[in-house]
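Undergrad: What follows is upload_1.pdb, PDB, C-alpha atoms and all ligand atoms.
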MODEL        1
ATOM      1  CA  MET O   1     -20.094  -3.551 -10.664  1.00  0.00           C
ATOM      2  CA  SER O   2     -18.993  -6.834  -9.192  1.00  0.00           C
ATOM      3  CA  ALA O   3     -15.578  -6.915  -7.621  1.00  0.00           C
ATOM      4  CA  GLN O   4     -13.206  -9.816  -7.785  1.00  0.00           C
ATOM      5  CA  PRO O   5     -11.216 -10.157  -4.561  1.00  0.00           C
ATOM      6  CA  GLU O   6      -7.859 -11.151  -5.998  1.00  0.00           C
ATOM      7  CA  LEU O   7      -5.830 -10.280  -9.042  1.00  0.00           C
ATOM      8  CA  GLY O   8      -4.286 -13.740  -9.015  1.00  0.00           C
ATOM      9  CA  ALA O   9      -0.698 -14.100 -10.112  1.00  0.00           C
ATOM     10  CA  ALA O  10      -1.638 -16.230 -13.102  1.00  0.00           C
ATOM     11  CA  MET O  11      -4.772 -14.368 -14.165  1.00  0.00           C
ATOM     12  CA  GLU O  12      -4.323 -12.546 -17.429  1.00  0.00           C
ATOM     13  CA  VAL O  13      -6.017  -9.173 -17.593  1.00  0.00           C
ATOM     14  CA  THR O  14      -7.006  -7.227 -20.694  1.00  0.00           C
ATOM     15  CA  LEU O  15      -6.214  -3.563 -21.132  1.00  0.00           C
ATOM     16  CA  GLY O  16      -8.234  -1.861 -23.849  1.00  0.00           C
ATOM     17  CA  TYR O  17      -7.143   1.476 -25.302  1.00  0.00           C
ATOM     18  CA  TRP O  18      -6.475   3.315 -28.522  1.00  0.00           C
ATOM     19  CA  ASP O  19      -3.217   2.395 -30.260  1.00  0.00           C
ATOM     20  CA  ILE O  20      -1.530   5.423 -28.707  1.00  0.00           C
ATOM     21  CA  ARG O  21       0.266   6.296 -25.468  1.00  0.00           C
ATOM     22  CA  GLY O  22      -2.408   8.654 -24.082  1.00  0.00           C
ATOM     23  CA  LEU O  23      -3.856   7.648 -20.732  1.00  0.00           C
ATOM     24  CA  ALA O  24      -2.524   4.094 -20.938  1.00  0.00           C
ATOM     25  CA  HIS O  25       1.232   4.578 -20.530  1.00  0.00           C
ATOM     26  CA  ALA O  26       1.288   4.684 -16.724  1.00  0.00           C
ATOM     27  CA  ILE O  27      -1.045   1.656 -16.595  1.00  0.00           C
ATOM     28  CA  ARG O  28       1.114  -0.309 -19.034  1.00  0.00           C
ATOM     29  CA  LEU O  29       4.204   0.578 -16.987  1.00  0.00           C
ATOM     30  CA  LEU O  30       2.520  -0.530 -13.765  1.00  0.00           C
ATOM     31  CA  LEU O  31       1.358  -3.821 -15.304  1.00  0.00           C
ATOM     32  CA  GLU O  32       4.927  -4.450 -16.416  1.00  0.00           C
ATOM     33  CA  TYR O  33       6.476  -3.418 -13.113  1.00  0.00           C
ATOM     34  CA  THR O  34       4.142  -5.662 -11.123  1.00  0.00           C
ATOM     35  CA  GLY O  35       4.634  -8.587 -13.508  1.00  0.00           C
ATOM     36  CA  THR O  36       0.880  -8.796 -14.093  1.00  0.00           C
ATOM     37  CA  PRO O  37       0.150 -11.011 -17.110  1.00  0.00           C
ATOM     38  CA  TYR O  38      -1.794  -8.854 -19.551  1.00  0.00           C
ATOM     39  CA  ARG O  39      -2.844  -8.596 -23.115  1.00  0.00           C
ATOM     40  CA  GLU O  40      -3.779  -5.452 -24.922  1.00  0.00           C
ATOM     41  CA  ARG O  41      -6.717  -4.697 -27.169  1.00  0.00           C
ATOM     42  CA  HIS O  42      -5.597  -1.761 -29.295  1.00  0.00           C
ATOM     43  CA  TYR O  43      -8.387   0.152 -30.999  1.00  0.00           C
ATOM     44  CA  SER O  44      -7.624   2.085 -34.180  1.00  0.00           C
ATOM     45  CA  THR O  45      -9.355   5.003 -35.804  1.00  0.00           C
ATOM     46  CA  GLY O  46      -9.975   5.132 -39.543  1.00  0.00           C
ATOM     47  CA  PRO O  47      -8.221   7.521 -41.938  1.00  0.00           C
ATOM     48  CA  ALA O  48      -8.712  11.297 -42.177  1.00  0.00           C
ATOM     49  CA  PRO O  49     -10.934  13.204 -42.504  1.00  0.00           C
ATOM     50  CA  ASP O  50     -13.514  11.094 -40.602  1.00  0.00           C
ATOM     51  CA  TYR O  51     -11.276   9.142 -38.214  1.00  0.00           C
ATOM     52  CA  ASP O  52     -13.942   6.483 -37.986  1.00  0.00           C
ATOM     53  CA  LYS O  53     -14.106   5.154 -34.423  1.00  0.00           C
ATOM     54  CA  SER O  54     -16.264   2.090 -35.069  1.00  0.00           C
ATOM     55  CA  ASP O  55     -13.456  -0.302 -34.073  1.00  0.00           C
ATOM     56  CA  TRP O  56     -14.220   0.932 -30.544  1.00  0.00           C
ATOM     57  CA  THR O  57     -17.837   2.057 -30.720  1.00  0.00           C
ATOM     58  CA  ASP O  58     -18.966  -1.346 -32.074  1.00  0.00           C
ATOM     59  CA  GLU O  59     -17.746  -2.918 -28.807  1.00  0.00           C
ATOM     60  CA  LYS O  60     -18.212  -0.051 -26.401  1.00  0.00           C
ATOM     61  CA  GLU O  61     -21.585  -1.062 -24.957  1.00  0.00           C
ATOM     62  CA  LYS O  62     -20.971  -4.811 -25.111  1.00  0.00           C
ATOM     63  CA  LEU O  63     -18.186  -5.200 -22.572  1.00  0.00           C
ATOM     64  CA  GLY O  64     -20.235  -4.972 -19.391  1.00  0.00           C
ATOM     65  CA  LEU O  65     -18.573  -1.717 -18.283  1.00  0.00           C
ATOM     66  CA  ASP O  66     -20.495   0.541 -15.890  1.00  0.00           C
ATOM     67  CA  PHE O  67     -19.106   3.655 -17.553  1.00  0.00           C
ATOM     68  CA  PRO O  68     -17.938   2.532 -20.994  1.00  0.00           C
ATOM     69  CA  ASN O  69     -14.734   4.345 -21.898  1.00  0.00           C
ATOM     70  CA  LEU O  70     -11.088   3.894 -22.840  1.00  0.00           C
ATOM     71  CA  PRO O  71      -8.867   2.833 -21.214  1.00  0.00           C
ATOM     72  CA  TYR O  72     -10.623  -0.155 -19.649  1.00  0.00           C
ATOM     73  CA  LEU O  73      -9.325  -3.123 -17.700  1.00  0.00           C
ATOM     74  CA  LEU O  74     -10.985  -6.529 -17.683  1.00  0.00           C
ATOM     75  CA  ALA O  75      -9.790  -8.738 -14.827  1.00  0.00           C
ATOM     76  CA  GLY O  76     -12.137 -11.684 -14.474  1.00  0.00           C
ATOM     77  CA  THR O  77     -15.420 -10.282 -13.207  1.00  0.00           C
ATOM     78  CA  THR O  78     -13.811  -6.952 -12.349  1.00  0.00           C
ATOM     79  CA  LYS O  79     -14.405  -4.533 -15.204  1.00  0.00           C
ATOM     80  CA  LEU O  80     -13.078  -1.040 -14.787  1.00  0.00           C
ATOM     81  CA  THR O  81     -12.713   2.236 -16.608  1.00  0.00           C
ATOM     82  CA  GLN O  82     -11.241   5.570 -15.423  1.00  0.00           C
ATOM     83  CA  SER O  83      -7.482   5.450 -15.794  1.00  0.00           C
ATOM     84  CA  ASN O  84      -6.701   6.337 -12.189  1.00  0.00           C
ATOM     85  CA  ALA O  85      -9.183   3.787 -10.808  1.00  0.00           C
ATOM     86  CA  ILE O  86      -7.446   1.162 -12.972  1.00  0.00           C
ATOM     87  CA  LEU O  87      -4.033   2.206 -11.670  1.00  0.00           C
ATOM     88  CA  ARG O  88      -5.190   2.144  -8.058  1.00  0.00           C
ATOM     89  CA  TYR O  89      -6.778  -1.289  -8.534  1.00  0.00           C
ATOM     90  CA  ILE O  90      -3.527  -2.789  -9.774  1.00  0.00           C
ATOM     91  CA  ALA O  91      -1.501  -0.847  -7.198  1.00  0.00           C
ATOM     92  CA  ARG O  92      -3.631  -2.059  -4.267  1.00  0.00           C
ATOM     93  CA  LYS O  93      -2.849  -5.679  -5.134  1.00  0.00           C
ATOM     94  CA  HIS O  94       0.841  -4.892  -4.793  1.00  0.00           C
ATOM     95  CA  ASN O  95       0.820  -2.509  -1.870  1.00  0.00           C
ATOM     96  CA  LEU O  96       1.762   0.421  -4.087  1.00  0.00           C
ATOM     97  CA  CYS O  97      -0.800   2.943  -2.808  1.00  0.00           C
ATOM     98  CA  GLY O  98       1.176   4.269   0.165  1.00  0.00           C
ATOM     99  CA  GLU O  99       1.006   2.912   3.674  1.00  0.00           C
ATOM    100  CA  THR O 100       0.927   5.815   6.112  1.00  0.00           C
ATOM    101  CA  GLU O 101      -1.729   8.524   6.153  1.00  0.00           C
ATOM    102  CA  GLU O 102       0.870  11.011   4.922  1.00  0.00           C
ATOM    103  CA  GLU O 103       1.901   8.793   2.000  1.00  0.00           C
ATOM    104  CA  MET O 104      -1.723   8.256   0.994  1.00  0.00           C
ATOM    105  CA  LEU O 105      -2.485  11.982   1.242  1.00  0.00           C
ATOM    106  CA  ARG O 106       0.511  12.809  -0.900  1.00  0.00           C
ATOM    107  CA  ALA O 107      -0.571  10.222  -3.468  1.00  0.00           C
ATOM    108  CA  ASP O 108      -4.154  11.578  -3.583  1.00  0.00           C
ATOM    109  CA  LEU O 109      -2.929  15.130  -3.945  1.00  0.00           C
ATOM    110  CA  LEU O 110      -0.397  14.384  -6.635  1.00  0.00           C
ATOM    111  CA  GLU O 111      -2.728  12.116  -8.614  1.00  0.00           C
ATOM    112  CA  ASN O 112      -5.136  15.015  -9.056  1.00  0.00           C
ATOM    113  CA  GLN O 113      -2.436  17.609  -9.647  1.00  0.00           C
ATOM    114  CA  LEU O 114      -0.915  15.456 -12.378  1.00  0.00           C
ATOM    115  CA  MET O 115      -4.301  14.923 -14.033  1.00  0.00           C
ATOM    116  CA  GLU O 116      -4.684  18.702 -14.234  1.00  0.00           C
ATOM    117  CA  MET O 117      -1.257  19.017 -15.813  1.00  0.00           C
ATOM    118  CA  ARG O 118      -2.005  16.189 -18.234  1.00  0.00           C
ATOM    119  CA  LEU O 119      -5.307  17.710 -19.328  1.00  0.00           C
ATOM    120  CA  GLY O 120      -3.798  21.194 -19.658  1.00  0.00           C
ATOM    121  CA  PHE O 121      -1.120  19.794 -21.941  1.00  0.00           C
ATOM    122  CA  ALA O 122      -3.633  17.807 -24.005  1.00  0.00           C
ATOM    123  CA  ARG O 123      -5.820  20.912 -24.398  1.00  0.00           C
ATOM    124  CA  LEU O 124      -2.810  22.746 -25.818  1.00  0.00           C
ATOM    125  CA  CYS O 125      -1.809  19.937 -28.155  1.00  0.00           C
ATOM    126  CA  TYR O 126      -5.292  19.450 -29.620  1.00  0.00           C
ATOM    127  CA  ASN O 127      -5.963  23.164 -29.968  1.00  0.00           C
ATOM    128  CA  PRO O 128      -6.176  24.479 -33.564  1.00  0.00           C
ATOM    129  CA  ASP O 129      -4.355  27.570 -32.196  1.00  0.00           C
ATOM    130  CA  PHE O 130      -1.512  25.419 -30.882  1.00  0.00           C
ATOM    131  CA  GLU O 131       1.262  27.614 -32.346  1.00  0.00           C
ATOM    132  CA  LEU O 132      -0.325  30.717 -30.887  1.00  0.00           C
ATOM    133  CA  LEU O 133      -0.770  29.186 -27.434  1.00  0.00           C
ATOM    134  CA  LYS O 134       2.553  27.358 -27.203  1.00  0.00           C
ATOM    135  CA  PRO O 135       4.668  30.316 -25.921  1.00  0.00           C
ATOM    136  CA  ALA O 136       2.311  30.957 -22.988  1.00  0.00           C
ATOM    137  CA  TYR O 137       2.336  27.240 -22.148  1.00  0.00           C
ATOM    138  CA  LEU O 138       6.142  27.158 -22.178  1.00  0.00           C
ATOM    139  CA  GLU O 139       6.243  30.269 -20.009  1.00  0.00           C
ATOM    140  CA  GLN O 140       4.151  28.746 -17.218  1.00  0.00           C
ATOM    141  CA  LEU O 141       5.812  25.318 -17.367  1.00  0.00           C
ATOM    142  CA  PRO O 142       8.926  26.052 -15.210  1.00  0.00           C
ATOM    143  CA  ALA O 143       6.764  27.229 -12.287  1.00  0.00           C
ATOM    144  CA  LYS O 144       4.636  24.070 -12.504  1.00  0.00           C
ATOM    145  CA  LEU O 145       7.766  21.905 -12.566  1.00  0.00           C
ATOM    146  CA  GLN O 146       9.208  23.879  -9.662  1.00  0.00           C
ATOM    147  CA  GLU O 147       6.086  23.060  -7.624  1.00  0.00           C
ATOM    148  CA  LEU O 148       6.560  19.378  -8.360  1.00  0.00           C
ATOM    149  CA  SER O 149      10.238  19.638  -7.495  1.00  0.00           C
ATOM    150  CA  ARG O 150       9.434  21.290  -4.150  1.00  0.00           C
ATOM    151  CA  PHE O 151       6.801  18.653  -3.425  1.00  0.00           C
ATOM    152  CA  LEU O 152       9.256  15.832  -4.120  1.00  0.00           C
ATOM    153  CA  GLY O 153      11.990  17.486  -2.043  1.00  0.00           C
ATOM    154  CA  ALA O 154      14.673  15.032  -0.950  1.00  0.00           C
ATOM    155  CA  ARG O 155      12.368  11.981  -1.099  1.00  0.00           C
ATOM    156  CA  PRO O 156      13.258   9.214  -3.536  1.00  0.00           C
ATOM    157  CA  TRP O 157       9.610   8.799  -4.583  1.00  0.00           C
ATOM    158  CA  PHE O 158       6.695  11.219  -4.638  1.00  0.00           C
ATOM    159  CA  ALA O 159       4.745   9.694  -1.743  1.00  0.00           C
ATOM    160  CA  GLY O 160       7.821   9.087   0.407  1.00  0.00           C
ATOM    161  CA  ASP O 161      10.458   6.394   0.732  1.00  0.00           C
ATOM    162  CA  LYS O 162       8.458   3.775  -1.169  1.00  0.00           C
ATOM    163  CA  LEU O 163       7.433   3.659  -4.797  1.00  0.00           C
ATOM    164  CA  THR O 164       3.677   4.142  -5.365  1.00  0.00           C
ATOM    165  CA  TYR O 165       1.340   4.324  -8.353  1.00  0.00           C
ATOM    166  CA  VAL O 166       1.669   8.121  -8.512  1.00  0.00           C
ATOM    167  CA  ASP O 167       5.320   7.728  -9.498  1.00  0.00           C
ATOM    168  CA  PHE O 168       4.108   6.012 -12.668  1.00  0.00           C
ATOM    169  CA  LEU O 169       1.839   8.973 -13.401  1.00  0.00           C
ATOM    170  CA  ALA O 170       4.552  11.495 -12.561  1.00  0.00           C
ATOM    171  CA  TYR O 171       7.031   9.739 -14.806  1.00  0.00           C
ATOM    172  CA  ASP O 172       4.594   9.743 -17.733  1.00  0.00           C
ATOM    173  CA  VAL O 173       3.574  13.394 -17.337  1.00  0.00           C
ATOM    174  CA  LEU O 174       7.153  14.596 -16.819  1.00  0.00           C
ATOM    175  CA  GLU O 175       8.467  12.589 -19.723  1.00  0.00           C
ATOM    176  CA  GLN O 176       5.849  14.070 -22.030  1.00  0.00           C
ATOM    177  CA  GLN O 177       6.998  17.524 -20.924  1.00  0.00           C
ATOM    178  CA  ARG O 178      10.605  16.549 -21.598  1.00  0.00           C
ATOM    179  CA  MET O 179       9.687  15.350 -25.101  1.00  0.00           C
ATOM    180  CA  PHE O 180       7.859  18.622 -25.721  1.00  0.00           C
ATOM    181  CA  ALA O 181      10.431  20.963 -24.173  1.00  0.00           C
ATOM    182  CA  PRO O 182      13.683  18.972 -24.022  1.00  0.00           C
ATOM    183  CA  THR O 183      15.490  21.310 -21.615  1.00  0.00           C
ATOM    184  CA  CYS O 184      12.611  21.740 -19.153  1.00  0.00           C
ATOM    185  CA  LEU O 185      14.024  19.312 -16.585  1.00  0.00           C
ATOM    186  CA  GLU O 186      17.507  20.802 -16.644  1.00  0.00           C
ATOM    187  CA  GLY O 187      16.726  23.090 -13.701  1.00  0.00           C
ATOM    188  CA  PRO O 188      15.069  20.892 -11.057  1.00  0.00           C
ATOM    189  CA  GLY O 189      17.808  18.381 -10.227  1.00  0.00           C
ATOM    190  CA  ASN O 190      15.620  16.210  -8.036  1.00  0.00           C
ATOM    191  CA  LEU O 191      13.112  15.695 -10.875  1.00  0.00           C
ATOM    192  CA  ARG O 192      15.924  14.604 -13.187  1.00  0.00           C
ATOM    193  CA  ALA O 193      17.178  12.211 -10.524  1.00  0.00           C
ATOM    194  CA  PHE O 194      13.610  10.910 -10.090  1.00  0.00           C
ATOM    195  CA  MET O 195      13.352  10.234 -13.825  1.00  0.00           C
ATOM    196  CA  ARG O 196      16.669   8.357 -13.819  1.00  0.00           C
ATOM    197  CA  ARG O 197      15.682   6.376 -10.708  1.00  0.00           C
ATOM    198  CA  PHE O 198      12.354   5.378 -12.249  1.00  0.00           C
ATOM    199  CA  GLU O 199      13.858   4.448 -15.609  1.00  0.00           C
ATOM    200  CA  ALA O 200      16.439   2.296 -13.821  1.00  0.00           C
ATOM    201  CA  LEU O 201      13.802   0.041 -12.186  1.00  0.00           C
ATOM    202  CA  GLU O 202      14.615  -3.299 -13.754  1.00  0.00           C
ATOM    203  CA  LYS O 203      11.212  -4.151 -15.191  1.00  0.00           C
ATOM    204  CA  VAL O 204      10.573  -0.575 -16.268  1.00  0.00           C
ATOM    205  CA  ALA O 205      13.931  -0.435 -18.055  1.00  0.00           C
ATOM    206  CA  ALA O 206      13.203  -3.721 -19.818  1.00  0.00           C
ATOM    207  CA  TYR O 207       9.774  -2.495 -20.939  1.00  0.00           C
ATOM    208  CA  LEU O 208      11.060   0.871 -22.160  1.00  0.00           C
ATOM    209  CA  ARG O 209      13.643  -0.981 -24.275  1.00  0.00           C
ATOM    210  CA  SER O 210      11.135  -3.503 -25.595  1.00  0.00           C
ATOM    211  CA  GLY O 211       9.120  -3.443 -28.792  1.00  0.00           C
ATOM    212  CA  ARG O 212       5.944  -3.546 -26.673  1.00  0.00           C
ATOM    213  CA  CYS O 213       6.450  -0.033 -25.347  1.00  0.00           C
ATOM    214  CA  LEU O 214       4.240   2.539 -27.049  1.00  0.00           C
ATOM    215  CA  LYS O 215       6.131   5.757 -26.326  1.00  0.00           C
ATOM    216  CA  THR O 216       4.555   7.455 -29.327  1.00  0.00           C
ATOM    217  CA  PRO O 217       2.157   8.551 -30.698  1.00  0.00           C
ATOM    218  CA  VAL O 218       1.351  10.390 -27.488  1.00  0.00           C
ATOM    219  CA  PHE O 219      -1.937  11.692 -28.877  1.00  0.00           C
ATOM    220  CA  TRP O 220      -4.383  10.974 -31.653  1.00  0.00           C
ATOM    221  CA  ARG O 221      -3.753  11.962 -35.246  1.00  0.00           C
ATOM    222  CA  THR O 222      -5.857  15.110 -34.792  1.00  0.00           C
ATOM    223  CA  ALA O 223      -3.355  16.585 -32.301  1.00  0.00           C
ATOM    224  CA  ARG O 224      -1.051  19.423 -33.395  1.00  0.00           C
ATOM    225  CA  TRP O 225       1.836  17.903 -31.430  1.00  0.00           C
ATOM    226  CA  GLY O 226       2.583  14.324 -30.413  1.00  0.00           C
ATOM    227  CA  SER O 227       0.516  12.540 -33.053  1.00  0.00           C
ATOM    228  CA  ALA O 228       3.455  11.005 -34.929  1.00  0.00           C
ATOM    229  CA  LYS O 229       4.809   7.505 -34.465  1.00  0.00           C
ATOM    230  CA  GLU O 230       8.547   7.966 -33.946  1.00  0.00           C
TER     231      GLU O 230
HETATM  232  N1  LIG L 301     -11.467  10.318 -17.129  1.00  0.00           N
HETATM  233  C1  LIG L 301     -11.245   9.247 -18.071  1.00  0.00           C
HETATM  234  C2  LIG L 301     -11.122   9.872 -19.453  1.00  0.00           C
HETATM  235  C3  LIG L 301     -11.224   8.816 -20.546  1.00  0.00           C
HETATM  236  C4  LIG L 301     -11.161   9.402 -21.944  1.00  0.00           C
HETATM  237  O1  LIG L 301     -11.350  10.618 -22.158  1.00  0.00           O
HETATM  238  N2  LIG L 301     -10.914   8.521 -22.922  1.00  0.00           N
HETATM  239  C5  LIG L 301     -10.774   8.936 -24.299  1.00  0.00           C
HETATM  240  C6  LIG L 301      -9.362   8.642 -24.782  1.00  0.00           C
HETATM  241  S1  LIG L 301      -8.159   9.452 -23.829  1.00  0.00           S
HETATM  242  C7  LIG L 301     -11.698   8.169 -25.221  1.00  0.00           C
HETATM  243  O2  LIG L 301     -11.500   8.189 -26.427  1.00  0.00           O
HETATM  244  N3  LIG L 301     -12.713   7.470 -24.697  1.00  0.00           N
HETATM  245  C8  LIG L 301     -13.602   6.674 -25.495  1.00  0.00           C
HETATM  246  C9  LIG L 301     -15.018   7.142 -25.465  1.00  0.00           C
HETATM  247  O3  LIG L 301     -15.276   8.286 -25.011  1.00  0.00           O
HETATM  248  O4  LIG L 301     -15.889   6.414 -25.931  1.00  0.00           O
HETATM  249  C10 LIG L 301      -9.992   8.448 -17.668  1.00  0.00           C
HETATM  250  O5  LIG L 301      -9.146   8.993 -16.932  1.00  0.00           O
HETATM  251  O6  LIG L 301      -9.890   7.279 -18.055  1.00  0.00           O
ENDMDL
END
Can the structure from this file be put into structure tokens for me?
TA:
Amino acid sequence: MSAQPELGAAMEVTLGYWDIRGLAHAIRLLLEYTGTPYRERHYSTGPAPDYDKSDWTDEKEKLGLDFPNLPYLLAGTTKLTQSNAILRYIARKHNLCGETEEEMLRADLLENQLMEMRLGFARLCYNPDFELLKPAYLEQLPAKLQELSRFLGARPWFAGDKLTYVDFLAYDVLEQQRMFAPTCLEGPGNLRAFMRRFEALEKVAAYLRSGRCLKTPVFWRTARWGSAKE
């Protein structure tokens, strides 16, 4: 992989992903927040029952990606996959990775914790036994949210006093939980305040209101929850 030193202010980047929210929401939010000029390549699957993926697979090996996958980011000669590597790349250009050792440790820890939560939720939503498994998922959710609440404590942002890329991930993961279980954030007051604080960031608020924002579908059409465009 060749790395390009600067994500210049005027350089337009391309974000490639399915035409869903999925792993791209936090990246889209960060691109918006940082004012990075970007265009999106949305890939679509064909109709049921085959859900033909050739829109993506026809291009997959032709983009010069080391590990071809979705989402990807093309920024000049820098070509990246892995959603968290993409987030960190954008965040580094804007000093949004944490500054002190403690802030960086907190970001590393939370990034991985949130990925576990995200994958656990996706496993539930794509499971053919979704209805059977849903009660157990809902039962363990408050304890998971309580852990996040304790970790955030009285800080305004998850790494500390300054916003970092993990806040974008936390917002996405927490908001999915709130869509799934609307009362789940009623207990932990600091998580609710975090959500409000994040949604009030000027560029974030503008994006969330805009027609560009892909809040749904959260998942593909094969998911048992979150596959509808609302
Ligand atoms: N660990 C990767 C996972 C990427 C992934 O699983 N992508 C899914 C969509 S969420 C996909 O359809 N990839 C296209 C492919 O496998 O060809 C990341 O965080 O970006």
Undergrad: Can you list what the PyMOL selection byres (((not hetatm)) within 9 of (chain L and resi 301)) grabs from this structure, as a list in words?
TA: Tyr17, Trp18, Gly22, Leu23, Ala24, Lys53, Trp56, Thr57, Lys60, Pro68, Asn69, Leu70, Pro71, Tyr72, Thr81, Gln82, Ser83, Asn84, Ala85, Ile86, Met115, Phe219 and Trp220 of chain O
Undergrad: Give the answer as one residue: which of O:Arg123, O:Arg192, O:Lys203, O:Arg150 has the shortest atom-to-atom distance to Tyr137 (chain O), using all atoms listed in the file?
TA: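 Of O:Arg123, O:Arg192, O:Lys203, O:Arg150, the one nearest Tyr137 (chain O), counting all atoms listed in the file, is O:Arg123.
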Undergrad: Using all atoms listed in the file, which residues sit within 10 Å of Tyr89 (chain O) once same-chain residues fewer than 6 positions away are excluded, as a list in words?
TA: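 Selected residues are Leu7, Leu73, Thr78, Leu80, Ser83, Leu96, Cys97 and Tyr165 of chain O.
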Undergrad: In Å, with one decimal, what is the gap from CA of Pro142 (chain O) to CA of Asn127 (chain O)?
TA: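 Answer for the CA of Pro142 (chain O) to CA of Asn127 (chain O) separation: 21.2 Å.
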Undergrad: Would you mind telling me which residue in O:Cys213, O:Ala26, O:Leu169, O:Gln176 lies nearest to Asn112 (chain O) when using all atoms listed in the file?
TA: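 Ranking O:Cys213, O:Ala26, O:Leu169, O:Gln176 by distance to Asn112 (chain O), first place goes to O:Leu169.
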Undergrad: Once you count all atoms listed in the file, which residues end up no further than 10 Å from (-1.4, 14.6, -10.9) in the file's frame, shown as a ChimeraX atom specification?
TA: /O:84,107-119,148,166-167,169-170,173
Undergrad: Write a file of the selected residues as a compact mmCIF listing (two decimals), in the coordinates of the input, keeping C-alpha atoms.
TA:
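Result file is selection-v4.txt:
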# COMPACT_ATOMS: atom_id res chain seq x y z
CA ASN O 84 -6.70 6.34 -12.19
CA ALA O 107 -0.57 10.22 -3.47
CA ASP O 108 -4.15 11.58 -3.58
CA LEU O 109 -2.93 15.13 -3.94
CA LEU O 110 -0.40 14.38 -6.64
CA GLU O 111 -2.73 12.12 -8.61
CA ASN O 112 -5.14 15.02 -9.06
CA GLN O 113 -2.44 17.61 -9.65
CA LEU O 114 -0.92 15.46 -12.38
CA MET O 115 -4.30 14.92 -14.03
CA GLU O 116 -4.68 18.70 -14.23
CA MET O 117 -1.26 19.02 -15.81
CA ARG O 118 -2.00 16.19 -18.23
CA LEU O 119 -5.31 17.71 -19.33
CA LEU O 148 6.56 19.38 -8.36
CA VAL O 166 1.67 8.12 -8.51
CA ASP O 167 5.32 7.73 -9.50
CA LEU O 169 1.84 8.97 -13.40
CA ALA O 170 4.55 11.50 -12.56
CA VAL O 173 3.57 13.39 -17.34
Undergrad: For Gln177 (chain O), which residue among O:Lys144, O:Phe67, O:Arg155, O:Ser210 is the nearest when counting only C-alpha atoms?
TA: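 Going through O:Lys144, O:Phe67, O:Arg155, O:Ser210 one by one, the smallest distance to Gln177 (chain O) is for O:Lys144.
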Undergrad: Just give me the residues with any atom within 8 Å of (-0.7, -6.3, -22.7), file coordinates, counting only C-alpha atoms, written as a PyMOL selection string.
TA: chain O and resi 13-15+28+37-41
Undergrad: Of the candidates O:Gly98, O:Gly46, O:Gly76, O:Gly120, which one gets nearest to Gly64 (chain O) if we count all atoms listed in the file?
TA: O:Gly76
Undergrad: With distances taken over only C-alpha atoms, which residue among O:Phe180, O:Phe121, O:Trp157, O:Phe198 lies nearest Arg106 (chain O)?
TA: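 Between O:Phe180, O:Phe121, O:Trp157, O:Phe198, the residue approaching Arg106 (chain O) most closely is O:Trp157.
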Undergrad: So what do you get for CA of Asp19 (chain O) versus CA of Thr183 (chain O), distance-wise?
TA: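 One can read the CA of Asp19 (chain O) to CA of Thr183 (chain O) distance as 28.0 Å.
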Undergrad: Name the closest residue to Ala181 (chain O) among the candidates O:Val204, O:Leu141, O:Leu214, O:Leu74; distances are taken between atoms, counting only C-alpha atoms.
TA: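 Looking only at the distances to Ala181 (chain O), the closest residue turns out to be O:Leu141.
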Undergrad: Grab the CA of Arg21 (chain O) to CA of Pro217 (chain O) distance for me, in Å with one decimal place.
TA: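 Taking CA of Arg21 (chain O) and CA of Pro217 (chain O), their separation equals 6.0 Å.
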Undergrad: Could you rebuild region 128-135 of chain O with N, CA, C and O atoms and give it back as a PDB file, in the coordinates of the input?
TA:
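Generated file (out_7.pdb):
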ATOM      1  N   PRO O 128      -6.531  24.002 -32.215  1.00  0.00           N
ATOM      2  CA  PRO O 128      -6.176  24.479 -33.564  1.00  0.00           C
ATOM      3  C   PRO O 128      -5.229  25.682 -33.487  1.00  0.00           C
ATOM      4  O   PRO O 128      -4.485  25.936 -34.425  1.00  0.00           O
ATOM      5  N   ASP O 129      -5.255  26.419 -32.373  1.00  0.00           N
ATOM      6  CA  ASP O 129      -4.355  27.570 -32.196  1.00  0.00           C
ATOM      7  C   ASP O 129      -3.080  27.184 -31.450  1.00  0.00           C
ATOM      8  O   ASP O 129      -2.474  28.017 -30.765  1.00  0.00           O
ATOM      9  N   PHE O 130      -2.684  25.938 -31.607  1.00  0.00           N
ATOM     10  CA  PHE O 130      -1.512  25.419 -30.882  1.00  0.00           C
ATOM     11  C   PHE O 130      -0.305  26.368 -30.958  1.00  0.00           C
ATOM     12  O   PHE O 130       0.283  26.721 -29.928  1.00  0.00           O
ATOM     13  N   GLU O 131       0.047  26.794 -32.189  1.00  0.00           N
ATOM     14  CA  GLU O 131       1.262  27.614 -32.346  1.00  0.00           C
ATOM     15  C   GLU O 131       1.142  28.930 -31.589  1.00  0.00           C
ATOM     16  O   GLU O 131       2.105  29.416 -31.017  1.00  0.00           O
ATOM     17  N   LEU O 132      -0.064  29.443 -31.564  1.00  0.00           N
ATOM     18  CA  LEU O 132      -0.325  30.717 -30.887  1.00  0.00           C
ATOM     19  C   LEU O 132      -0.228  30.561 -29.361  1.00  0.00           C
ATOM     20  O   LEU O 132       0.249  31.442 -28.652  1.00  0.00           O
ATOM     21  N   LEU O 133      -0.685  29.402 -28.888  1.00  0.00           N
ATOM     22  CA  LEU O 133      -0.770  29.186 -27.434  1.00  0.00           C
ATOM     23  C   LEU O 133       0.512  28.607 -26.832  1.00  0.00           C
ATOM     24  O   LEU O 133       0.717  28.665 -25.618  1.00  0.00           O
ATOM     25  N   LYS O 134       1.355  28.056 -27.690  1.00  0.00           N
ATOM     26  CA  LYS O 134       2.553  27.358 -27.203  1.00  0.00           C
ATOM     27  C   LYS O 134       3.475  28.244 -26.339  1.00  0.00           C
ATOM     28  O   LYS O 134       3.917  27.810 -25.263  1.00  0.00           O
ATOM     29  N   PRO O 135       3.772  29.495 -26.752  1.00  0.00           N
ATOM     30  CA  PRO O 135       4.668  30.316 -25.921  1.00  0.00           C
ATOM     31  C   PRO O 135       4.152  30.501 -24.493  1.00  0.00           C
ATOM     32  O   PRO O 135       4.929  30.410 -23.531  1.00  0.00           O
TER      33      PRO O 135
END
